[in-house]
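Data from my_file_19.cif: mmCIF, C-alpha atoms
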data_coords
loop_
_atom_site.group_PDB
_atom_site.id
_atom_site.type_symbol
_atom_site.label_atom_id
_atom_site.label_comp_id
_atom_site.auth_asym_id
_atom_site.auth_seq_id
_atom_site.Cartn_x
_atom_site.Cartn_y
_atom_site.Cartn_z
ATOM 1 C CA MET A 212 -9.369 13.525 0.770
ATOM 2 C CA MET A 213 -8.410 11.464 3.787
ATOM 3 C CA ASN A 214 -9.378 11.899 7.419
ATOM 4 C CA ARG A 215 -6.943 12.228 10.304
ATOM 5 C CA TYR A 216 -7.237 9.433 12.837
ATOM 6 C CA PRO A 217 -7.357 10.946 16.323
ATOM 7 C CA ASN A 218 -4.290 9.755 18.215
ATOM 8 C CA PRO A 219 -2.235 11.898 20.582
ATOM 9 C CA ASP A 220 1.087 10.215 19.801
ATOM 10 C CA ILE A 221 1.280 9.607 16.050
ATOM 11 C CA GLU A 222 -0.306 11.041 12.923
ATOM 12 C CA MET A 223 -2.300 8.619 10.776
ATOM 13 C CA LEU A 224 -4.844 9.013 7.991
ATOM 14 C CA GLN A 225 -7.910 6.997 7.002
ATOM 15 C CA PHE A 226 -10.171 6.769 3.961
ATOM 16 C CA PRO A 227 -13.598 8.247 4.798
ATOM 17 C CA GLU A 228 -15.730 5.459 3.299
ATOM 18 C CA LEU A 229 -13.588 2.569 4.549
ATOM 19 C CA SER A 230 -13.742 4.136 8.006
ATOM 20 C CA LYS A 231 -17.517 3.715 8.098
ATOM 21 C CA ASP A 232 -17.291 -0.082 8.328
ATOM 22 C CA CYS A 233 -16.992 -1.090 11.971
ATOM 23 C CA ASP A 234 -15.726 -4.604 11.067
ATOM 24 C CA ILE A 235 -12.317 -3.342 9.947
ATOM 25 C CA PHE A 236 -9.614 -0.905 10.956
ATOM 26 C CA HIS A 237 -7.228 0.648 8.475
ATOM 27 C CA PHE A 238 -4.582 3.359 8.479
ATOM 28 C CA VAL A 239 -1.910 5.185 6.530
ATOM 29 C CA THR A 240 0.964 6.451 8.656
ATOM 30 C CA THR A 241 2.868 9.695 8.110
ATOM 31 C CA ARG A 242 6.431 10.731 8.928
ATOM 32 C CA HIS A 243 5.398 12.013 12.358
ATOM 33 C CA GLY A 244 5.433 10.272 15.719
ATOM 34 C CA GLY A 245 8.476 8.001 15.920
ATOM 35 C CA VAL A 246 12.108 7.931 17.011
ATOM 36 C CA SER A 247 14.073 7.593 13.752
ATOM 37 C CA LYS A 248 16.589 10.265 12.814
ATOM 38 C CA GLY A 249 18.014 12.049 9.790
ATOM 39 C CA ASN A 250 16.500 11.068 6.442
ATOM 40 C CA TYR A 251 14.364 8.526 8.338
ATOM 41 C CA ALA A 252 12.864 11.042 10.750
ATOM 42 C CA THR A 253 10.807 10.283 12.572
ATOM 43 C CA PHE A 254 8.312 7.472 12.013
ATOM 44 C CA ASN A 255 10.112 5.167 9.597
ATOM 45 C CA LEU A 256 8.443 1.740 9.536
ATOM 46 C CA GLY A 257 10.493 0.130 6.778
ATOM 47 C CA GLU A 258 13.155 -2.323 7.923
ATOM 48 C CA TYR A 259 14.888 -2.713 4.528
ATOM 49 C CA ALA A 260 15.880 0.901 3.825
ATOM 50 C CA GLY A 261 19.000 1.197 5.988
ATOM 51 C CA ASP A 262 17.594 2.701 9.187
ATOM 52 C CA ASN A 263 18.716 1.649 12.659
ATOM 53 C CA PRO A 264 16.865 -1.662 13.270
ATOM 54 C CA GLU A 265 16.211 -0.770 16.913
ATOM 55 C CA ASP A 266 14.524 2.467 15.861
ATOM 56 C CA VAL A 267 12.342 0.593 13.375
ATOM 57 C CA ARG A 268 11.345 -1.929 16.056
ATOM 58 C CA THR A 269 10.480 0.904 18.415
ATOM 59 C CA ASN A 270 8.408 2.624 15.741
ATOM 60 C CA ARG A 271 6.512 -0.579 14.983
ATOM 61 C CA GLN A 272 5.823 -1.058 18.684
ATOM 62 C CA ILE A 273 4.472 2.513 18.845
ATOM 63 C CA LEU A 274 2.212 1.754 15.873
ATOM 64 C CA SER A 275 1.092 -1.594 17.291
ATOM 65 C CA ASP A 276 0.157 0.040 20.585
ATOM 66 C CA ALA A 277 -1.768 2.772 18.770
ATOM 67 C CA ILE A 278 -3.862 0.369 16.672
ATOM 68 C CA GLY A 279 -4.236 -2.349 19.315
ATOM 69 C CA ILE A 280 -2.422 -5.134 17.472
ATOM 70 C CA ASP A 281 0.302 -7.454 18.737
ATOM 71 C CA PRO A 282 3.561 -6.580 16.870
ATOM 72 C CA GLU A 283 3.820 -10.218 15.785
ATOM 73 C CA ARG A 284 0.486 -9.809 14.010
ATOM 74 C CA LEU A 285 1.593 -6.719 12.118
ATOM 75 C CA LEU A 286 2.735 -8.369 8.885
ATOM 76 C CA VAL A 287 4.922 -6.340 6.538
ATOM 77 C CA PRO A 288 6.596 -8.213 3.669
ATOM 78 C CA HIS A 289 9.938 -7.517 2.035
ATOM 79 C CA GLN A 290 8.653 -6.172 -1.296
ATOM 80 C CA ILE A 291 10.478 -6.562 -4.620
ATOM 81 C CA HIS A 292 8.199 -4.791 -7.141
ATOM 82 C CA GLY A 293 6.805 -8.106 -8.357
ATOM 83 C CA THR A 294 3.385 -9.755 -8.289
ATOM 84 C CA THR A 295 3.830 -12.505 -5.697
ATOM 85 C CA LEU A 296 0.855 -12.629 -3.332
ATOM 86 C CA ARG A 297 0.495 -14.583 -0.092
ATOM 87 C CA ILE A 298 -2.644 -15.585 1.774
ATOM 88 C CA ILE A 299 -2.114 -15.551 5.537
ATOM 89 C CA GLU A 300 -3.898 -18.456 7.253
ATOM 90 C CA ASP A 301 -3.762 -19.953 10.754
ATOM 91 C CA SER A 302 -0.920 -22.257 9.709
ATOM 92 C CA PHE A 303 1.318 -19.212 9.178
ATOM 93 C CA PHE A 304 1.396 -18.513 12.906
ATOM 94 C CA ARG A 305 2.452 -22.078 13.698
ATOM 95 C CA LEU A 306 5.683 -21.494 11.761
ATOM 96 C CA PRO A 307 8.885 -20.374 13.522
ATOM 97 C CA ALA A 308 9.537 -16.641 13.265
ATOM 98 C CA GLN A 309 12.237 -17.064 10.618
ATOM 99 C CA ALA A 310 9.993 -19.276 8.491
ATOM 100 C CA GLN A 311 7.232 -16.681 8.730
ATOM 101 C CA LYS A 312 9.616 -14.040 7.486
ATOM 102 C CA GLN A 313 10.725 -16.254 4.604
ATOM 103 C CA TYR A 314 7.117 -16.989 3.637
ATOM 104 C CA ILE A 315 6.357 -13.321 2.997
ATOM 105 C CA ASP A 316 9.818 -12.406 1.659
ATOM 106 C CA GLY A 317 9.677 -11.189 -1.936
ATOM 107 C CA THR A 318 5.937 -10.583 -1.662
ATOM 108 C CA ASP A 319 4.077 -7.480 -2.813
ATOM 109 C CA ALA A 320 0.545 -8.259 -1.626
ATOM 110 C CA LEU A 321 -0.918 -9.956 1.441
ATOM 111 C CA VAL A 322 -4.458 -11.270 1.926
ATOM 112 C CA THR A 323 -6.113 -12.635 5.056
ATOM 113 C CA THR A 324 -9.471 -13.563 6.542
ATOM 114 C CA LEU A 325 -8.054 -13.816 10.072
ATOM 115 C CA PRO A 326 -9.215 -11.280 12.671
ATOM 116 C CA ASN A 327 -6.640 -9.080 14.380
ATOM 117 C CA VAL A 328 -4.010 -9.817 11.739
ATOM 118 C CA CYS A 329 -2.868 -6.591 10.111
ATOM 119 C CA VAL A 330 -1.595 -6.896 6.536
ATOM 120 C CA ALA A 331 0.445 -3.895 5.469
ATOM 121 C CA VAL A 332 2.859 -2.581 2.853
ATOM 122 C CA THR A 333 5.625 0.008 3.032
ATOM 123 C CA THR A 334 5.908 2.743 0.427
ATOM 124 C CA ALA A 335 7.741 5.971 -0.376
ATOM 125 C CA ASP A 336 6.260 7.023 -3.775
ATOM 126 C CA CYS A 337 4.878 3.632 -4.867
ATOM 127 C CA VAL A 338 1.121 3.116 -4.648
ATOM 128 C CA PRO A 339 -0.320 1.392 -1.569
ATOM 129 C CA ILE A 340 -3.755 -0.141 -2.118
ATOM 130 C CA LEU A 341 -6.016 -1.454 0.650
ATOM 131 C CA LEU A 342 -8.862 -3.830 -0.218
ATOM 132 C CA TYR A 343 -11.821 -5.071 1.793
ATOM 133 C CA ALA A 344 -14.319 -7.763 0.790
ATOM 134 C CA PRO A 345 -17.233 -7.341 3.226
ATOM 135 C CA ASP A 346 -19.168 -10.400 2.064
ATOM 136 C CA VAL A 347 -16.377 -12.888 2.834
ATOM 137 C CA LYS A 348 -14.622 -10.818 5.514
ATOM 138 C CA ALA A 349 -11.253 -10.611 3.776
ATOM 139 C CA VAL A 350 -8.696 -7.799 3.581
ATOM 140 C CA ALA A 351 -5.629 -7.188 1.437
ATOM 141 C CA ALA A 352 -2.709 -4.782 1.254
ATOM 142 C CA VAL A 353 -0.996 -4.235 -2.108
ATOM 143 C CA HIS A 354 2.294 -2.576 -3.068
ATOM 144 C CA ALA A 355 2.037 -1.236 -6.623
ATOM 145 C CA GLY A 356 5.060 0.620 -7.925
ATOM 146 C CA TRP A 357 5.138 1.321 -11.639
ATOM 147 C CA ARG A 358 6.472 -2.175 -12.319
ATOM 148 C CA GLY A 359 3.761 -3.765 -10.196
ATOM 149 C CA THR A 360 1.172 -1.567 -11.863
ATOM 150 C CA VAL A 361 2.377 -2.656 -15.318
ATOM 151 C CA GLN A 362 2.048 -6.282 -14.176
ATOM 152 C CA GLU A 363 -1.453 -5.506 -12.823
ATOM 153 C CA ILE A 364 -0.874 -6.593 -9.249
ATOM 154 C CA ALA A 365 -4.036 -4.812 -8.120
ATOM 155 C CA ARG A 366 -6.168 -6.750 -10.583
ATOM 156 C CA GLN A 367 -4.412 -10.001 -9.661
ATOM 157 C CA THR A 368 -5.127 -9.427 -5.972
ATOM 158 C CA VAL A 369 -8.815 -8.858 -6.726
ATOM 159 C CA HIS A 370 -8.738 -12.090 -8.744
ATOM 160 C CA ILE A 371 -7.512 -13.986 -5.671
ATOM 161 C CA LEU A 372 -10.247 -12.450 -3.547
ATOM 162 C CA THR A 373 -12.966 -13.296 -6.053
ATOM 163 C CA GLU A 374 -11.813 -16.661 -7.399
ATOM 164 C CA GLN A 375 -10.238 -18.283 -4.330
ATOM 165 C CA LEU A 376 -12.175 -16.599 -1.543
ATOM 166 C CA HIS A 377 -15.380 -16.117 -3.596
ATOM 167 C CA ALA A 378 -15.820 -12.423 -2.877
ATOM 168 C CA ASN A 379 -18.307 -10.473 -4.973
ATOM 169 C CA PRO A 380 -16.212 -7.857 -6.831
ATOM 170 C CA ALA A 381 -19.134 -5.433 -6.928
ATOM 171 C CA LEU A 382 -19.021 -5.302 -3.114
ATOM 172 C CA LEU A 383 -15.262 -4.879 -2.831
ATOM 173 C CA ARG A 384 -13.957 -1.591 -1.450
ATOM 174 C CA ALA A 385 -10.576 -0.086 -2.207
ATOM 175 C CA GLY A 386 -8.384 2.768 -1.016
ATOM 176 C CA ILE A 387 -5.526 4.037 -3.198
ATOM 177 C CA GLY A 388 -3.147 5.714 -0.789
ATOM 178 C CA PRO A 389 -0.630 8.574 -0.870
ATOM 179 C CA SER A 390 1.965 8.055 -3.597
ATOM 180 C CA ILE A 391 3.747 9.986 -6.302
ATOM 181 C CA GLY A 392 1.310 12.060 -8.337
ATOM 182 C CA PRO A 393 1.180 12.519 -12.104
ATOM 183 C CA GLN A 394 2.728 15.991 -12.023
ATOM 184 C CA ALA A 395 5.828 14.642 -10.251
ATOM 185 C CA PHE A 396 6.082 11.228 -11.911
ATOM 186 C CA GLU A 397 8.128 12.027 -14.996
ATOM 187 C CA VAL A 398 9.251 8.840 -16.745
ATOM 188 C CA GLY A 399 11.456 7.706 -19.593
ATOM 189 C CA GLU A 400 10.180 6.209 -22.818
ATOM 190 C CA GLU A 401 10.993 2.694 -21.599
ATOM 191 C CA VAL A 402 8.356 3.098 -18.890
ATOM 192 C CA VAL A 403 5.838 4.405 -21.415
ATOM 193 C CA GLU A 404 6.456 1.353 -23.615
ATOM 194 C CA ALA A 405 6.087 -0.973 -20.631
ATOM 195 C CA PHE A 406 2.561 0.348 -20.057
ATOM 196 C CA ARG A 407 1.516 0.313 -23.708
ATOM 197 C CA PRO A 408 0.488 -3.395 -24.053
ATOM 198 C CA THR A 409 -2.006 -3.359 -21.174
ATOM 199 C CA THR A 410 -3.188 0.238 -20.820
ATOM 200 C CA ASP A 411 -4.697 2.897 -23.038
ATOM 201 C CA LEU A 412 -1.966 5.492 -22.647
ATOM 202 C CA ARG A 413 -4.394 8.296 -23.457
ATOM 203 C CA LEU A 414 -6.059 7.618 -20.102
ATOM 204 C CA ILE A 415 -2.957 7.640 -17.898
ATOM 205 C CA MET A 416 -0.248 9.667 -19.640
ATOM 206 C CA GLN A 417 0.351 13.292 -20.482
ATOM 207 C CA ARG A 418 3.414 15.015 -21.875
ATOM 208 C CA ASN A 419 4.882 18.170 -20.457
ATOM 209 C CA PRO A 420 4.358 20.749 -23.230
ATOM 210 C CA LEU A 421 7.711 22.393 -22.468
ATOM 211 C CA THR A 422 9.964 19.346 -22.094
ATOM 212 C CA GLY A 423 8.047 16.714 -24.042
ATOM 213 C CA LYS A 424 8.656 14.320 -21.146
ATOM 214 C CA ALA A 425 5.968 11.757 -20.293
ATOM 215 C CA HIS A 426 4.123 11.829 -16.965
ATOM 216 C CA ILE A 427 2.240 8.712 -15.803
ATOM 217 C CA ASN A 428 -0.793 8.796 -13.508
ATOM 218 C CA LEU A 429 -0.349 5.709 -11.326
ATOM 219 C CA TRP A 430 -3.509 6.518 -9.357
ATOM 220 C CA GLU A 431 -5.631 6.326 -12.484
ATOM 221 C CA ALA A 432 -3.777 3.289 -13.859
ATOM 222 C CA ASN A 433 -4.601 1.330 -10.709
ATOM 223 C CA ARG A 434 -8.167 2.655 -10.553
ATOM 224 C CA LEU A 435 -8.740 1.415 -14.100
ATOM 225 C CA GLN A 436 -7.410 -2.029 -13.116
ATOM 226 C CA LEU A 437 -9.803 -2.208 -10.197
ATOM 227 C CA LEU A 438 -12.709 -1.214 -12.433
ATOM 228 C CA LYS A 439 -11.709 -3.861 -14.960
ATOM 229 C CA ALA A 440 -11.615 -6.404 -12.122
ATOM 230 C CA GLY A 441 -15.255 -5.647 -11.307
ATOM 231 C CA LEU A 442 -15.168 -3.004 -8.579
ATOM 232 C CA SER A 443 -17.769 -0.250 -8.625
ATOM 233 C CA ALA A 444 -16.414 3.223 -9.270
ATOM 234 C CA ASN A 445 -18.015 4.572 -6.095
ATOM 235 C CA HIS A 446 -16.229 1.900 -4.043
ATOM 236 C CA ILE A 447 -12.750 3.168 -4.991
ATOM 237 C CA GLU A 448 -11.286 5.979 -2.894
ATOM 238 C CA ILE A 449 -8.179 7.866 -4.005
ATOM 239 C CA ALA A 450 -6.162 9.829 -1.467
ATOM 240 C CA ALA A 451 -4.793 12.090 -4.252
ATOM 241 C CA ILE A 452 -1.857 13.033 -2.003
ATOM 242 C CA CYS A 453 1.462 13.266 -3.849
ATOM 243 C CA THR A 454 4.308 12.014 -1.674
ATOM 244 C CA HIS A 455 6.884 13.951 -3.701
ATOM 245 C CA THR A 456 5.003 17.211 -3.210
ATOM 246 C CA HIS A 457 4.274 16.480 0.457
ATOM 247 C CA ALA A 458 7.637 14.980 1.423
ATOM 248 C CA ALA A 459 7.534 16.766 4.766
ATOM 249 C CA ASP A 460 4.629 14.511 5.756
ATOM 250 C CA PHE A 461 5.264 11.368 3.660
ATOM 251 C CA TYR A 462 8.507 9.711 2.655
ATOM 252 C CA SER A 463 9.452 10.134 -1.009
ATOM 253 C CA ALA A 464 12.335 8.081 -2.358
ATOM 254 C CA ARG A 465 12.500 10.229 -5.472
ATOM 255 C CA LYS A 466 12.904 13.381 -3.390
ATOM 256 C CA LEU A 467 14.797 12.074 -0.327
ATOM 257 C CA GLY A 468 16.755 9.239 -1.946
ATOM 258 C CA ILE A 469 16.462 5.474 -1.518
ATOM 259 C CA ALA A 470 18.182 5.662 1.885
ATOM 260 C CA SER A 471 15.178 7.258 3.544
ATOM 261 C CA GLY A 472 12.091 6.169 5.437
ATOM 262 C CA ARG A 473 8.963 4.270 4.443
ATOM 263 C CA PHE A 474 5.425 4.806 5.682
ATOM 264 C CA LEU A 475 2.918 2.032 6.229
ATOM 265 C CA SER A 476 -0.558 1.370 4.866
ATOM 266 C CA GLY A 477 -2.389 -1.429 6.657
ATOM 267 C CA ILE A 478 -5.772 -2.999 7.264
ATOM 268 C CA PHE A 479 -7.191 -5.692 9.549
ATOM 269 C CA LEU A 480 -10.449 -7.333 10.509
ATOM 270 C CA LYS A 481 -11.605 -6.623 14.035
#
File written out as structure tokens:
Amino acid sequence: MMNRYPNPDIEMLQFPELSKDCDIFHFVTTRHGGVSKGNYATFNLGEYAGDNPEDVRTNRQILSDAIGIDPERLLVPHQIHGTTLRIIEDSFFRLPAQAQKQYIDGTDALVTTLPNVCVAVTTADCVPILLYAPDVKAVAAVHAGWRGTVQEIARQTVHILTEQLHANPALLRAGIGPSIGPQAFEVGEEVVEAFRPTTDLRLIMQRNPLTGKAHINLWEANRLQLLKAGLSANHIEIAAICTHTHAADFYSARKLGIASGRFLSGIFLK
């Protein structure tokens, strides 16, 4: 379960355990509270899905005001379902705006130790994962679609936190956000085979007894990666909210089509 963050203008959710740490702020937006229209209504925060750019900018300003962050410090990469990760340091903000955008282009995970710099990812069925390393004061936002999950982007992000930033994995905390659930995520055999080399399929896959079609549990696949990377089971929160089932509250590309909105999952150090 997730908690609603009290805000009179927009609807956001938070993970209960992550919310207890006063050194960070995190959020998962919903579809409600913005100005976008049609398939993007109303709080689309994704700038690469075909929405009116002015509406997206307005929505991001609404979000920035709500969370108390300068819009220029709300960092949202152009994701490509890969495993490229970027660490955001002070030098990033000395770059021209276009160079900043290029630096995080084609990136599916962001990490930072800078205060008041919000790292975030956009999703609409893919799995957003927020990470917090309390011992080294570092946060990360991860975009894990099925391709990113197969390539173990969650585990790779933990590796960066532990090996480069020297975080203790046993202290790491994670939130696996709203995304397509196992009942809705029917896949072809090519997806099943993609998972086979790295994952025990018995733990993440079931077949529909009527159709014989495979269903993959991306929540569990990513939880298992985090456990393998050294996180404690009680430090991993799962929203267990299916975006396909709850498409009235969360964007779902599978249900609404690719030309639809994206919600945002973000985290920053205070």
Exercise for review: Check what the PyMOL selection byres ((chain A and resi 455) around 7) selects in the file above and give those residues as a ChimeraX atom specification.
Suggested key: /A:336,391,395,453-454,456-458,463,465-466
Review point. Pick the closest to A:Ala405 from A:Ile478, A:Ile387, A:Val361, A:Ala459: which is it, counting all atoms listed in the file?
Key: A:Val361
Exercise for review: Carefully work through the PyMOL selection byres ((chain A and resi 419) around 12) for this structure and note down the residues it includes, as a list in words.
Suggested key: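 That expression, the PyMOL selection byres ((chain A and resi 419) around 12), corresponds here to Pro393, Gln394, Ala395, Phe396, Glu397, Val398, Met416, Gln417, Arg418, Pro420, Leu421, Thr422, Gly423, Lys424, Ala425, His426 and Ile427 of chain A.
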Point to revise | the PyMOL selection byres ((chain A and resi 355) around 8) resolved against shown file, as a list of chain:residue names | key: A:His292, A:Asp319, A:Cys337, A:Val338, A:Pro339, A:Ile340, A:Val353, A:His354, A:Gly356, A:Trp357, A:Arg358, A:Gly359, A:Thr360, A:Ile364, A:Ala365
Practice item. Tell me, as a VMD selection string, which residues lie within 7 Å of A:Ser471, counting only C-alpha atoms; anything in the same chain fewer than 6 positions away does not count. Key: chain A and resid 250 to 251 260 464
**Study point:** Surrounding residues of stretch 224-241 of chain A excluding itself and chain neighbours under 3 positions, 8 Å, only C-alpha atoms, as a PyMOL selection string
**Key:** chain A and resi 212-216+254+384-386+388+448+450+460-462+474-481
Could the residues in this selection be written to a file with C-alpha atoms, as a short mmCIF file (atom, residue, chain, number, x, y, z; two decimals), keeping the file's coordinate frame?
data_model
loop_
_atom_site.label_atom_id
_atom_site.label_comp_id
_atom_site.auth_asym_id
_atom_site.auth_seq_id
_atom_site.Cartn_x
_atom_site.Cartn_y
_atom_site.Cartn_z
CA MET A 212 -9.37 13.52 0.77
CA MET A 213 -8.41 11.46 3.79
CA ASN A 214 -9.38 11.90 7.42
CA ARG A 215 -6.94 12.23 10.30
CA TYR A 216 -7.24 9.43 12.84
CA PHE A 254 8.31 7.47 12.01
CA ARG A 384 -13.96 -1.59 -1.45
CA ALA A 385 -10.58 -0.09 -2.21
CA GLY A 386 -8.38 2.77 -1.02
CA GLY A 388 -3.15 5.71 -0.79
CA GLU A 448 -11.29 5.98 -2.89
CA ALA A 450 -6.16 9.83 -1.47
CA ASP A 460 4.63 14.51 5.76
CA PHE A 461 5.26 11.37 3.66
CA TYR A 462 8.51 9.71 2.66
CA PHE A 474 5.42 4.81 5.68
CA LEU A 475 2.92 2.03 6.23
CA SER A 476 -0.56 1.37 4.87
CA GLY A 477 -2.39 -1.43 6.66
CA ILE A 478 -5.77 -3.00 7.26
CA PHE A 479 -7.19 -5.69 9.55
CA LEU A 480 -10.45 -7.33 10.51
CA LYS A 481 -11.60 -6.62 14.04
#
From the block I gave, I'd like stretch 233-242 of chain A written with all heavy atoms, as a short mmCIF file (atom, residue, chain, number, x, y, z; two decimals), in the first residue's frame.
data_model
loop_
_atom_site.label_atom_id
_atom_site.label_comp_id
_atom_site.auth_asym_id
_atom_site.auth_seq_id
_atom_site.Cartn_x
_atom_site.Cartn_y
_atom_site.Cartn_z
N CYS A 233 13.27 11.71 7.44
CA CYS A 233 13.10 13.15 7.25
C CYS A 233 14.22 13.76 6.39
O CYS A 233 14.17 14.96 6.09
CB CYS A 233 13.02 13.86 8.59
SG CYS A 233 14.48 13.65 9.61
N ASP A 234 15.22 12.98 5.99
CA ASP A 234 16.31 13.50 5.17
C ASP A 234 16.00 13.48 3.68
O ASP A 234 16.76 14.02 2.88
CB ASP A 234 17.60 12.71 5.42
CG ASP A 234 18.17 12.95 6.80
OD1 ASP A 234 17.95 14.05 7.34
OD2 ASP A 234 18.82 12.04 7.35
N ILE A 235 14.90 12.83 3.30
CA ILE A 235 14.55 12.73 1.89
C ILE A 235 13.09 13.09 1.68
O ILE A 235 12.30 13.12 2.62
CB ILE A 235 14.80 11.31 1.33
CG1 ILE A 235 13.94 10.28 2.09
CG2 ILE A 235 16.26 10.95 1.34
CD1 ILE A 235 13.91 8.91 1.43
N PHE A 236 12.76 13.39 0.43
CA PHE A 236 11.37 13.52 0.01
C PHE A 236 11.21 12.72 -1.26
O PHE A 236 12.09 12.76 -2.14
CB PHE A 236 10.98 14.98 -0.24
CG PHE A 236 9.53 15.15 -0.59
CD1 PHE A 236 8.58 15.29 0.40
CD2 PHE A 236 9.11 15.16 -1.92
CE1 PHE A 236 7.23 15.43 0.08
CE2 PHE A 236 7.77 15.30 -2.25
CZ PHE A 236 6.83 15.44 -1.23
N HIS A 237 10.13 11.97 -1.36
CA HIS A 237 9.89 11.20 -2.57
C HIS A 237 8.41 11.26 -2.92
O HIS A 237 7.57 11.64 -2.09
CB HIS A 237 10.34 9.74 -2.39
CG HIS A 237 9.37 8.92 -1.61
ND1 HIS A 237 9.26 9.00 -0.24
CD2 HIS A 237 8.42 8.02 -2.00
CE1 HIS A 237 8.30 8.18 0.18
NE2 HIS A 237 7.78 7.58 -0.87
N PHE A 238 8.07 10.87 -4.13
CA PHE A 238 6.69 10.95 -4.59
C PHE A 238 6.48 10.07 -5.81
O PHE A 238 7.43 9.74 -6.54
CB PHE A 238 6.33 12.40 -4.95
CG PHE A 238 7.18 12.96 -6.06
CD1 PHE A 238 6.81 12.81 -7.39
CD2 PHE A 238 8.38 13.60 -5.78
CE1 PHE A 238 7.61 13.29 -8.42
CE2 PHE A 238 9.19 14.10 -6.80
CZ PHE A 238 8.80 13.94 -8.12
N VAL A 239 5.23 9.71 -6.01
CA VAL A 239 4.76 9.11 -7.26
C VAL A 239 3.51 9.89 -7.66
O VAL A 239 2.56 9.97 -6.89
CB VAL A 239 4.41 7.62 -7.10
CG1 VAL A 239 3.84 7.06 -8.40
CG2 VAL A 239 5.64 6.81 -6.66
N THR A 240 3.54 10.52 -8.82
CA THR A 240 2.39 11.30 -9.25
C THR A 240 1.29 10.39 -9.79
O THR A 240 1.51 9.20 -10.07
CB THR A 240 2.76 12.34 -10.32
OG1 THR A 240 3.19 11.66 -11.51
CG2 THR A 240 3.87 13.26 -9.83
N THR A 241 0.10 10.96 -9.96
CA THR A 241 -1.01 10.25 -10.59
C THR A 241 -1.42 11.03 -11.84
O THR A 241 -0.72 11.95 -12.26
CB THR A 241 -2.21 10.17 -9.62
OG1 THR A 241 -2.73 11.49 -9.40
CG2 THR A 241 -1.81 9.55 -8.28
N ARG A 242 -2.56 10.70 -12.40
CA ARG A 242 -3.04 11.41 -13.59
C ARG A 242 -3.72 12.72 -13.24
O ARG A 242 -4.10 13.47 -14.14
CB ARG A 242 -4.04 10.54 -14.36
CG ARG A 242 -3.43 9.31 -15.01
CD ARG A 242 -4.45 8.60 -15.89
NE ARG A 242 -4.86 9.44 -17.02
CZ ARG A 242 -5.69 9.04 -17.97
NH1 ARG A 242 -6.21 7.83 -17.92
NH2 ARG A 242 -6.02 9.86 -18.95
#
